[in-house]
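One structure is given here, and the rest of the page talks about it.
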Amino acid sequence: MNSTMGDQSSILQSSSSLGPLSRWNAEHRTVLQAPVQFVWESLVDTASWQWNPYVRLSANVVLTGASGKASIAVRSRRWKIREFTFGEVNRDTFTFSWTAVVGSCRVTNVIKLYPDGSKATKIHHTQKFSGFSPGLRWNLPVQKMKSYPMCINEALKNHVESRHFNHLLVTLSTREMSTATDFTESMELSEASSFRANFWESSPRLRRQLLSTFLDEKRTSPP
């Protein structure tokens, strides 16, 4: 009888340590105006995560099972450095995940991309806590971290859409220049490569084409 009660007490104690963590779990979904491959390349390029003001990942390689250091924003200009390991990094399913270790607690982020036609991408970001929680609040701003999936999604959206829009603008502007006059056809390669397009200085026809290319695709709600 005492043994049974002891086992039950142990189970309840374990549950109380694990259960509260779920209240810090969070998820967020949104749609990016860029092809899924374009979004994926920006997402897995962790060396260029300056767009992400909340989490930075540093590792020698971006592969399933690889480890490195995660910098997690605590407050303005302050970071907590923790060990992390990549979970699934799969180009075929567009799944990108990592787990940071905080004492006996683990914080797992999973980002999944879904093609939404040929010109847009749905993104679903989940963040889950697991393990034991003593001292967790002293190590990480867990309440603030509930907003991180949304904040990271929006930061990625702004970064990717700006890159994609600028890429389309330069491509279409260069193409228009190359067919506009005999002069542009004789431009030196170095001149063409240094060309920088400006949306408002482009022709109305090009602006219409650019917006159509950037936005013209029916999209459904995120999965």
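Identifiers in this document derive from the order of the structure tokens: chains are assigned A, B, ..., residues are numbered from 1 separately in each chain, and ligands are numbered from 1 in order of occurrence.
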Once you count only C-alpha atoms, what closest atom pair and distance in Å to one decimal does each residue of region 41-110 of chain A within 7 Å of region 128-152 of chain A have, with rows by chain and rising residue number, as JSON lines?
{"residue": "A:Asn52", "atom": "CA", "partner": "A:Ile152", "partner_atom": "CA", "distance": 6.3}
{"residue": "A:Tyr54", "atom": "CA", "partner": "A:Tyr148", "partner_atom": "CA", "distance": 6.9}
{"residue": "A:Val74", "atom": "CA", "partner": "A:Pro141", "partner_atom": "CA", "distance": 5.9}
{"residue": "A:Ser104", "atom": "CA", "partner": "A:Phe132", "partner_atom": "CA", "distance": 5.4}
{"residue": "A:Cys105", "atom": "CA", "partner": "A:Gly131", "partner_atom": "CA", "distance": 4.5}
{"residue": "A:Arg106", "atom": "CA", "partner": "A:Ser130", "partner_atom": "CA", "distance": 5.3}
{"residue": "A:Val107", "atom": "CA", "partner": "A:Phe129", "partner_atom": "CA", "distance": 4.7}
{"residue": "A:Thr108", "atom": "CA", "partner": "A:Lys128", "partner_atom": "CA", "distance": 5.2}
{"residue": "A:Asn109", "atom": "CA", "partner": "A:Lys128", "partner_atom": "CA", "distance": 6.6}
Subject >> Top pick for closest residue to Ser22 (chain A), considering A:Thr171, A:Ser48, A:Gln127, A:Thr93 and counting only C-alpha atoms >> reply: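 Checking each candidate against Ser22 (chain A), we get A:Gln127 as the closest.
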Give me the residues of region 81-116 of chain A that have any atom at most 7 Å from an atom of region 26-38 of chain A; for each, the nearest atom pair and the distance in Å, rounded to one decimal. Use only C-alpha atoms, sort by chain and number, and format it as CSV.
residue,atom,partner,partner_atom,distance
A:Leu113,CA,A:Val36,CA,6.9
A:Tyr114,CA,A:Val36,CA,6.9
A:Pro115,CA,A:Val36,CA,5.4
I need the chosen residues saved as an mmCIF file, in the first residue's frame, with C-alpha atoms.
data_model
loop_
_atom_site.group_PDB
_atom_site.id
_atom_site.type_symbol
_atom_site.label_atom_id
_atom_site.label_comp_id
_atom_site.auth_asym_id
_atom_site.auth_seq_id
_atom_site.Cartn_x
_atom_site.Cartn_y
_atom_site.Cartn_z
ATOM 1 C CA LEU A 113 6.510 25.443 -45.225
ATOM 2 C CA TYR A 114 3.653 24.599 -47.589
ATOM 3 C CA PRO A 115 3.487 25.736 -51.235
#
**OP:** Tell me, as a list in words, which residues lie within 10 Å of Gln50 (chain A), counting only C-alpha atoms; anything in the same chain fewer than 4 positions away does not count.
**Re:**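 Residues meeting the cut-off are Thr46, Tyr54, Val55, Arg56, Ala155 and His159 of chain A.
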**OP:** Mind listing the helix (DSSP H, G or I) residues of region 13-176 of chain A, per DSSP on the backbone, as a ChimeraX atom specification?
**Re:** /A:13-24,36-44,46-51,136-139,142-145,148-176
Subject >> Two-atom distance - CA of Leu57 (chain A), CA of Trp24 (chain A) (Å) >> reply: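 Separation of CA of Leu57 (chain A) and CA of Trp24 (chain A): 21.2 Å.
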Subject >> For Ser71 (chain A): contacts at 10 Å, only C-alpha atoms, fewer than 2 positions along chain excluded, given as a list in words >> reply: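 My list of contacting residues is Pro53, Tyr54, Val55, Arg56, Leu57, Ser58, Lys69, Ala73, Val74, Arg78, Trp79, Lys80, Ile81, Arg82, Glu83, Phe84 and Ala100 of chain A.
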Original post:
So which residues of region 11-100 of chain A fall under strand (DSSP E) by DSSP, listed as an MDAnalysis selection string?
Top reply: chainID A and resid 26:32 55:58 67:75 78:90 95:100
**OP:** Go through A:Lys119, A:Arg23, A:Lys112, A:His125 one by one, measure the shortest atom-to-atom distance of each to Trp40 (chain A) using only C-alpha atoms, and give the residue with the smallest value.
**Re:**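 Smallest separation from Trp40 (chain A) among the options: A:Lys112.
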